[in-house]
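Text of model06.txt (compact mmCIF, C-alpha atoms and all ligand atoms) as supplied:
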# COMPACT_ATOMS: atom_id res chain seq x y z
CA MET A 1 19.65 104.07 166.68
CA PRO A 2 18.45 100.80 168.25
CA GLY A 3 19.12 102.34 171.64
CA LYS A 4 15.83 104.17 171.27
CA SER A 5 14.11 100.82 171.74
CA ARG A 6 12.41 100.82 175.09
CA GLU A 7 12.89 97.12 175.66
CA TRP A 8 16.59 97.37 174.90
CA ASN A 9 17.05 100.25 177.30
CA ASN A 10 15.09 98.70 180.12
CA PRO A 11 17.71 97.84 182.76
CA ASN A 12 15.25 95.57 184.57
CA ARG A 13 14.73 93.29 181.63
CA THR A 14 16.29 89.87 182.10
CA PRO A 15 18.34 88.92 179.06
CA PRO A 16 17.64 85.48 177.59
CA SER A 17 20.11 82.73 178.42
CA PRO A 18 22.71 81.95 175.81
CA VAL A 19 22.87 78.57 174.10
CA GLY A 20 22.84 75.78 176.64
CA GLN A 21 20.72 76.67 179.61
CA GLY A 22 21.98 76.76 183.17
CA SER A 23 24.71 79.39 183.06
CA ARG A 24 25.82 80.21 186.56
CA PHE A 25 26.18 83.91 186.01
CA THR A 26 24.19 86.51 184.20
CA LEU A 27 25.33 88.14 181.02
CA ARG A 28 24.34 91.79 181.12
CA CYS A 29 23.09 93.68 178.13
CA GLN A 30 24.34 96.94 176.74
CA SER A 31 22.36 99.71 178.38
CA ASP A 32 23.45 102.94 176.75
CA GLY A 33 22.45 102.03 173.22
CA GLY A 34 25.46 103.79 171.74
CA ILE A 35 27.44 100.83 170.54
CA PHE A 36 26.40 100.92 166.87
CA LEU A 37 25.84 103.52 164.18
CA PHE A 38 23.61 102.40 161.32
CA GLY A 39 23.97 103.13 157.65
CA ASN A 40 20.80 101.10 157.02
CA ARG A 41 17.87 101.70 159.37
CA SER A 42 16.52 98.15 159.07
CA HIS A 43 19.59 96.85 160.86
CA GLY A 44 18.62 98.72 164.02
CA GLY A 45 15.61 96.54 164.77
CA ALA A 46 17.55 93.38 164.03
CA VAL A 47 20.42 94.29 166.34
CA ALA A 48 18.46 95.10 169.49
CA PRO A 49 17.46 91.52 170.46
CA ILE A 50 20.95 90.25 169.66
CA LEU A 51 22.57 92.73 172.02
CA LEU A 52 20.43 91.42 174.85
CA ARG A 53 22.20 88.07 174.51
CA LEU A 54 25.71 89.46 174.64
CA PRO A 55 27.98 90.17 177.57
CA GLU A 56 28.24 93.85 178.47
CA LEU A 57 30.39 95.58 175.86
CA CYS A 58 32.41 98.77 175.96
CA GLY A 59 34.22 100.74 173.31
CA ALA A 60 33.73 103.42 170.70
CA PRO A 61 30.76 102.98 168.32
CA ILE A 62 31.00 100.66 165.33
CA ARG A 63 29.30 101.55 162.06
CA ILE A 64 27.03 98.87 160.53
CA GLU A 65 26.50 99.09 156.79
CA THR A 66 25.36 97.06 153.79
CA VAL A 67 27.74 96.47 150.89
CA ALA A 68 26.66 94.47 147.82
CA LYS A 69 28.85 91.65 146.46
CA LEU A 70 31.25 91.68 149.37
CA ARG A 71 34.46 89.67 148.93
CA ASP A 72 37.71 89.05 150.76
CA ARG A 73 40.88 87.57 149.33
CA HIS A 74 39.36 84.05 149.52
CA GLY A 75 36.12 84.92 147.65
CA PRO A 76 32.53 86.06 148.45
CA VAL A 77 31.79 86.63 152.16
CA HIS A 78 28.72 87.42 154.29
CA ALA A 79 30.46 90.28 156.06
CA GLY A 80 33.76 91.98 156.70
CA SER A 81 35.13 93.82 159.72
CA PHE A 82 37.35 96.86 159.38
CA ILE A 83 38.81 97.12 162.84
CA ARG A 84 40.69 100.42 162.57
CA GLU A 85 37.79 102.11 160.75
CA ARG A 86 35.37 100.67 163.33
CA ARG A 87 33.03 99.45 160.64
CA ILE A 88 31.30 96.18 159.72
CA ALA A 89 30.01 95.66 156.17
CA PHE A 90 27.25 93.07 155.58
CA ASP A 91 26.06 91.20 152.54
CA CYS A 92 23.98 88.40 154.10
CA GLU A 93 20.39 87.19 154.26
CA PRO A 94 18.33 88.47 157.20
CA ARG A 95 18.06 84.98 158.75
CA GLU A 96 21.86 84.77 158.94
CA PHE A 97 22.29 88.30 160.29
CA PRO A 98 22.39 87.44 164.04
CA ARG A 99 25.12 84.81 163.64
CA VAL A 100 27.11 86.97 161.24
CA LEU A 101 26.81 90.08 163.41
CA VAL A 102 28.08 88.33 166.55
CA HIS A 103 30.89 86.70 164.57
CA GLU A 104 32.03 90.07 163.22
CA LEU A 105 31.65 91.82 166.56
CA PHE A 106 33.94 89.25 168.15
CA HIS A 107 36.66 90.10 165.66
CA PHE A 108 36.83 93.38 167.59
CA VAL A 109 36.83 91.46 170.87
CA TRP A 110 39.68 89.19 169.69
CA VAL A 111 41.87 92.19 168.94
CA ARG A 112 41.22 93.65 172.38
CA GLN A 113 41.55 90.43 174.37
CA GLY A 114 45.32 90.56 174.64
CA ASN A 115 47.91 87.86 174.23
CA PRO A 116 47.26 85.81 177.40
CA ALA A 117 43.60 85.21 176.50
CA ARG A 118 44.36 84.60 172.84
CA ARG A 119 47.11 82.12 173.70
CA ALA A 120 44.82 80.35 176.16
CA TYR A 121 42.18 79.97 173.46
CA GLU A 122 44.78 78.70 171.01
CA ALA A 123 45.99 76.19 173.60
CA MET A 124 42.45 74.84 173.93
CA LEU A 125 42.24 74.47 170.14
CA GLY A 126 45.62 72.73 170.10
CA ARG A 127 44.41 70.22 172.70
CA GLU A 128 41.27 69.56 170.67
CA ILE A 129 43.30 68.80 167.55
CA LEU A 130 45.72 66.63 169.53
CA CYS A 131 42.72 64.59 170.68
CA GLY A 132 41.51 64.18 167.09
CA GLN A 133 38.59 66.54 167.52
CA THR A 134 37.15 67.38 164.11
CA GLY A 135 34.46 69.92 163.25
CA GLU A 136 33.90 73.52 164.17
CA LEU A 137 31.11 75.97 164.92
CA GLY A 138 31.06 77.72 161.55
CA TRP A 139 32.41 77.17 158.06
CA SER A 140 34.79 80.10 158.34
CA ALA A 141 36.72 78.25 161.05
CA GLU A 142 36.15 74.76 159.69
CA TRP A 143 37.69 75.20 156.25
CA ARG A 144 40.71 76.83 157.84
CA LYS A 145 40.98 73.99 160.36
CA ASN A 146 40.80 71.41 157.58
CA ALA A 147 43.62 73.16 155.72
CA LEU A 148 46.06 73.22 158.67
CA THR A 149 49.29 71.25 158.54
CA PRO A 150 51.30 70.07 161.58
CA ALA A 151 53.78 72.84 160.77
CA ASP A 152 51.00 75.44 161.01
CA ILE A 153 49.94 74.18 164.42
CA GLY A 154 53.42 73.85 165.89
CA GLY A 155 54.74 77.03 164.34
CA ARG A 156 51.79 79.34 165.02
CA THR A 157 51.86 80.36 161.39
CA ARG A 158 49.57 82.97 159.90
CA ARG A 159 47.17 80.15 158.87
CA TRP A 160 47.03 78.90 162.45
CA ARG A 161 46.43 82.38 163.86
CA GLU A 162 43.70 83.08 161.32
CA TYR A 163 42.08 79.75 162.17
CA ALA A 164 42.19 80.55 165.89
CA CYS A 165 40.62 83.96 165.33
CA GLU A 166 37.82 82.58 163.13
CA SER A 167 37.18 79.76 165.59
CA PHE A 168 36.88 82.30 168.43
CA CYS A 169 34.37 84.36 166.41
CA ASP A 170 32.36 81.35 165.25
CA SER A 171 32.22 79.98 168.80
CA ALA A 172 30.98 83.33 170.09
CA ALA A 173 28.31 83.40 167.37
CA TRP A 174 27.20 79.90 168.37
CA LEU A 175 27.01 80.96 172.03
CA PHE A 176 25.47 84.41 171.83
CA SER A 177 23.56 84.88 168.55
CA GLY A 178 20.42 82.99 169.54
CA THR A 179 20.94 80.40 166.79
CA PRO A 180 21.02 77.12 168.73
CA ARG A 181 21.04 74.89 165.64
CA HIS A 182 22.78 75.34 162.32
CA GLY A 183 24.19 73.04 159.65
CA GLU A 184 27.64 74.53 160.20
CA TYR A 185 27.82 73.38 163.85
CA THR A 186 29.89 70.22 163.46
CA LEU A 187 32.03 70.31 166.62
CA GLY A 188 31.39 67.51 169.14
CA ARG A 189 29.39 68.07 172.31
CA GLU A 190 32.28 67.78 174.78
CA ALA A 191 34.37 70.31 172.90
CA ARG A 192 31.39 72.67 172.68
CA LEU A 193 30.96 72.51 176.44
CA ARG A 194 34.65 73.25 177.01
CA ARG A 195 34.47 76.25 174.70
CA LYS A 196 31.35 77.54 176.40
CA ALA A 197 33.06 77.27 179.79
CA TRP A 198 36.16 79.02 178.44
CA PHE A 199 34.11 81.96 177.16
CA PHE A 200 32.18 82.38 180.38
CA VAL A 201 35.28 82.23 182.57
CA THR A 202 37.22 84.60 180.31
CA LEU A 203 34.49 87.18 179.76
CA LYS A 204 32.76 87.22 183.13
CA ALA A 205 35.14 89.67 184.80
CA GLY A 206 33.53 92.78 183.39
CA PRO A 207 32.66 94.74 180.29
CA VAL A 208 34.15 93.20 177.20
CA SER A 209 36.22 95.67 175.18
CA ILE A 210 35.50 96.03 171.50
ZN ZN B 1 35.62 86.10 160.62

Now that the file is in, can you turn its structure into structure tokens?
Amino acid sequence: MPGKSREWNNPNRTPPSPVGQGSRFTLRCQSDGGIFLFGNRSHGGAVAPILLRLPELCGAPIRIETVAKLRDRHGPVHAGSFIRERRIAFDCEPREFPRVLVHELFHFVWVRQGNPARRAYEAMLGREILCGQTGELGWSAEWRKNALTPADIGGRTRRWREYACESFCDSAAWLFSGTPRHGEYTLGREARLRRKAWFFVTLKAGPVSI
């Protein structure tokens, strides 16, 4: 368990700032170490520094495991979340692990956020598109954004809702994974700042449910 890490369990340790310095409030780290169960021991060491960057989380443990040749219905994927089974399967290179882990973890957050927060995030995305804002903060969201039709956006179709969910997870990965630069970050600066503000306002109230 990564919770055995002394550094991770030290409540006095100041977590590093997320992407974009100057946040006006502190994001607290998980202190009980019980958030993940590991099928592969090497994941434990990789997870500890990532958790220090995240808001405080609460919820039952999630199992982290490695699965070779992972696919979803669209083709090969780096990881997959199984919300009801509380399990995340990975098939990614170690250098991509932080971004992929945070992305997958925020699939659990999205489910728990509730309709008002999800609709507010969707409204922000709708305004971006209305203003001609192209790009995203990860390919998972970007290819879905590029495939949207006006009917998807206006009708909140399944494609729109999947895009919104992937955008939420990719934005969280950009903010919290400790990966400040990546070839898949194509969203403009102003939109990035609005998303960052949205996340901080929405998540600052307390522990984030997963
Ligand atoms: Zn995803």

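Compared by their closest atoms to ligand ZN 1 (chain B), and using only C-alpha atoms and all ligand atoms, the residues A:Tyr121, A:Phe168, A:Trp198, A:Phe90 rank with A:Phe168 nearest.
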
message: Could you list, as a PyMOL selection string, all protein and nucleic acid residues with an atom at most 10 Å from ligand ZN 1 (chain B), counting all atoms listed in the file?
response: chain A and resi 77-81+100+102-107+138-141+162-163+165-170

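Minimum atom-to-atom distances from A:Ser209, A:Gln133, A:Ser177, A:Thr157 to Leu101 (chain A) were compared using all atoms listed in the file, and the lowest value belongs to A:Ser177.
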
Minimum-distance residue to Leu70 (chain A), chosen among A:Leu54, A:Ala197, A:Ala89, A:Val111 (using only C-alpha atoms):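 Looking only at the distances to Leu70 (chain A), the closest residue turns out to be A:Ala89.
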
task: May I have the residues within 9 Å of Glu122 (chain A) as number ranges by chain, using all atoms listed in the file and disregarding those fewer than 5 positions away in the same chain?
output: A: 117, 127, 160-161, 164-165

task: Between CA of Trp143 (chain A) and CA of Asp72 (chain A), measure the distance and give it in Å to one decimal.
output: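 Separating CA of Trp143 (chain A) from CA of Asp72 (chain A) is a distance of 14.9 Å.
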
- request: Name the closest residue to Ala173 (chain A) among the candidates A:Gly206, A:Gly132, A:Pro98, A:Gly154; distances are taken between atoms, counting only C-alpha atoms.
  value: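 When distances to Ala173 (chain A) are compared using only C-alpha atoms, the smallest one comes from A:Pro98.
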
Got a minute to add N, CA and C atoms to region 175-197 of chain A and dump it as an mmCIF file, in the coordinates of the input?
data_model
loop_
_atom_site.group_PDB
_atom_site.id
_atom_site.type_symbol
_atom_site.label_atom_id
_atom_site.label_comp_id
_atom_site.auth_asym_id
_atom_site.auth_seq_id
_atom_site.Cartn_x
_atom_site.Cartn_y
_atom_site.Cartn_z
ATOM 1 N N LEU A 175 27.428 80.745 170.634
ATOM 2 C CA LEU A 175 27.010 80.960 172.030
ATOM 3 C C LEU A 175 25.996 82.080 172.181
ATOM 4 N N PHE A 176 26.189 83.176 171.487
ATOM 5 C CA PHE A 176 25.470 84.410 171.830
ATOM 6 C C PHE A 176 24.467 84.904 170.790
ATOM 7 N N SER A 177 24.411 84.292 169.608
ATOM 8 C CA SER A 177 23.560 84.880 168.550
ATOM 9 C C SER A 177 22.109 84.453 168.635
ATOM 10 N N GLY A 178 21.796 83.471 169.500
ATOM 11 C CA GLY A 178 20.420 82.990 169.540
ATOM 12 C C GLY A 178 20.102 82.069 168.378
ATOM 13 N N THR A 179 21.123 81.382 167.871
ATOM 14 C CA THR A 179 20.940 80.400 166.790
ATOM 15 C C THR A 179 21.413 79.058 167.326
ATOM 16 N N PRO A 180 20.552 78.338 168.047
ATOM 17 C CA PRO A 180 21.020 77.120 168.730
ATOM 18 C C PRO A 180 21.347 75.972 167.794
ATOM 19 N N ARG A 181 20.754 75.964 166.591
ATOM 20 C CA ARG A 181 21.040 74.890 165.640
ATOM 21 C C ARG A 181 21.383 75.480 164.279
ATOM 22 N N HIS A 182 22.374 74.869 163.652
ATOM 23 C CA HIS A 182 22.780 75.340 162.320
ATOM 24 C C HIS A 182 23.596 74.232 161.669
ATOM 25 N N GLY A 183 23.458 74.086 160.368
ATOM 26 C CA GLY A 183 24.190 73.040 159.650
ATOM 27 C C GLY A 183 25.696 73.160 159.756
ATOM 28 N N GLU A 184 26.183 74.332 160.116
ATOM 29 C CA GLU A 184 27.640 74.530 160.200
ATOM 30 C C GLU A 184 28.194 74.185 161.587
ATOM 31 N N TYR A 185 27.324 73.773 162.515
ATOM 32 C CA TYR A 185 27.820 73.380 163.850
ATOM 33 C C TYR A 185 28.182 71.901 163.793
ATOM 34 N N THR A 186 29.447 71.613 163.620
ATOM 35 C CA THR A 186 29.890 70.220 163.460
ATOM 36 C C THR A 186 30.815 69.774 164.593
ATOM 37 N N LEU A 187 31.141 70.663 165.501
ATOM 38 C CA LEU A 187 32.030 70.310 166.620
ATOM 39 C C LEU A 187 31.278 69.405 167.604
ATOM 40 N N GLY A 188 31.994 68.447 168.185
ATOM 41 C CA GLY A 188 31.390 67.510 169.140
ATOM 42 C C GLY A 188 30.928 68.190 170.428
ATOM 43 N N ARG A 189 30.041 67.485 171.131
ATOM 44 C CA ARG A 189 29.390 68.070 172.310
ATOM 45 C C ARG A 189 30.398 68.430 173.415
ATOM 46 N N GLU A 190 31.325 67.517 173.700
ATOM 47 C CA GLU A 190 32.280 67.780 174.780
ATOM 48 C C GLU A 190 33.112 69.029 174.494
ATOM 49 N N ALA A 191 33.558 69.135 173.267
ATOM 50 C CA ALA A 191 34.370 70.310 172.900
ATOM 51 C C ALA A 191 33.526 71.581 172.968
ATOM 52 N N ARG A 192 32.263 71.490 172.573
ATOM 53 C CA ARG A 192 31.390 72.670 172.680
ATOM 54 C C ARG A 192 31.272 73.125 174.131
ATOM 55 N N LEU A 193 31.113 72.152 175.026
ATOM 56 C CA LEU A 193 30.960 72.510 176.440
ATOM 57 C C LEU A 193 32.232 73.155 176.983
ATOM 58 N N ARG A 194 33.387 72.650 176.550
ATOM 59 C CA ARG A 194 34.650 73.250 177.010
ATOM 60 C C ARG A 194 34.786 74.682 176.483
ATOM 61 N N ARG A 195 34.387 74.884 175.251
ATOM 62 C CA ARG A 195 34.470 76.250 174.700
ATOM 63 C C ARG A 195 33.522 77.196 175.429
ATOM 64 N N LYS A 196 32.327 76.704 175.680
ATOM 65 C CA LYS A 196 31.350 77.540 176.400
ATOM 66 C C LYS A 196 31.905 77.943 177.768
ATOM 67 N N ALA A 197 32.490 76.978 178.474
ATOM 68 C CA ALA A 197 33.060 77.270 179.790
ATOM 69 C C ALA A 197 34.197 78.274 179.658
#
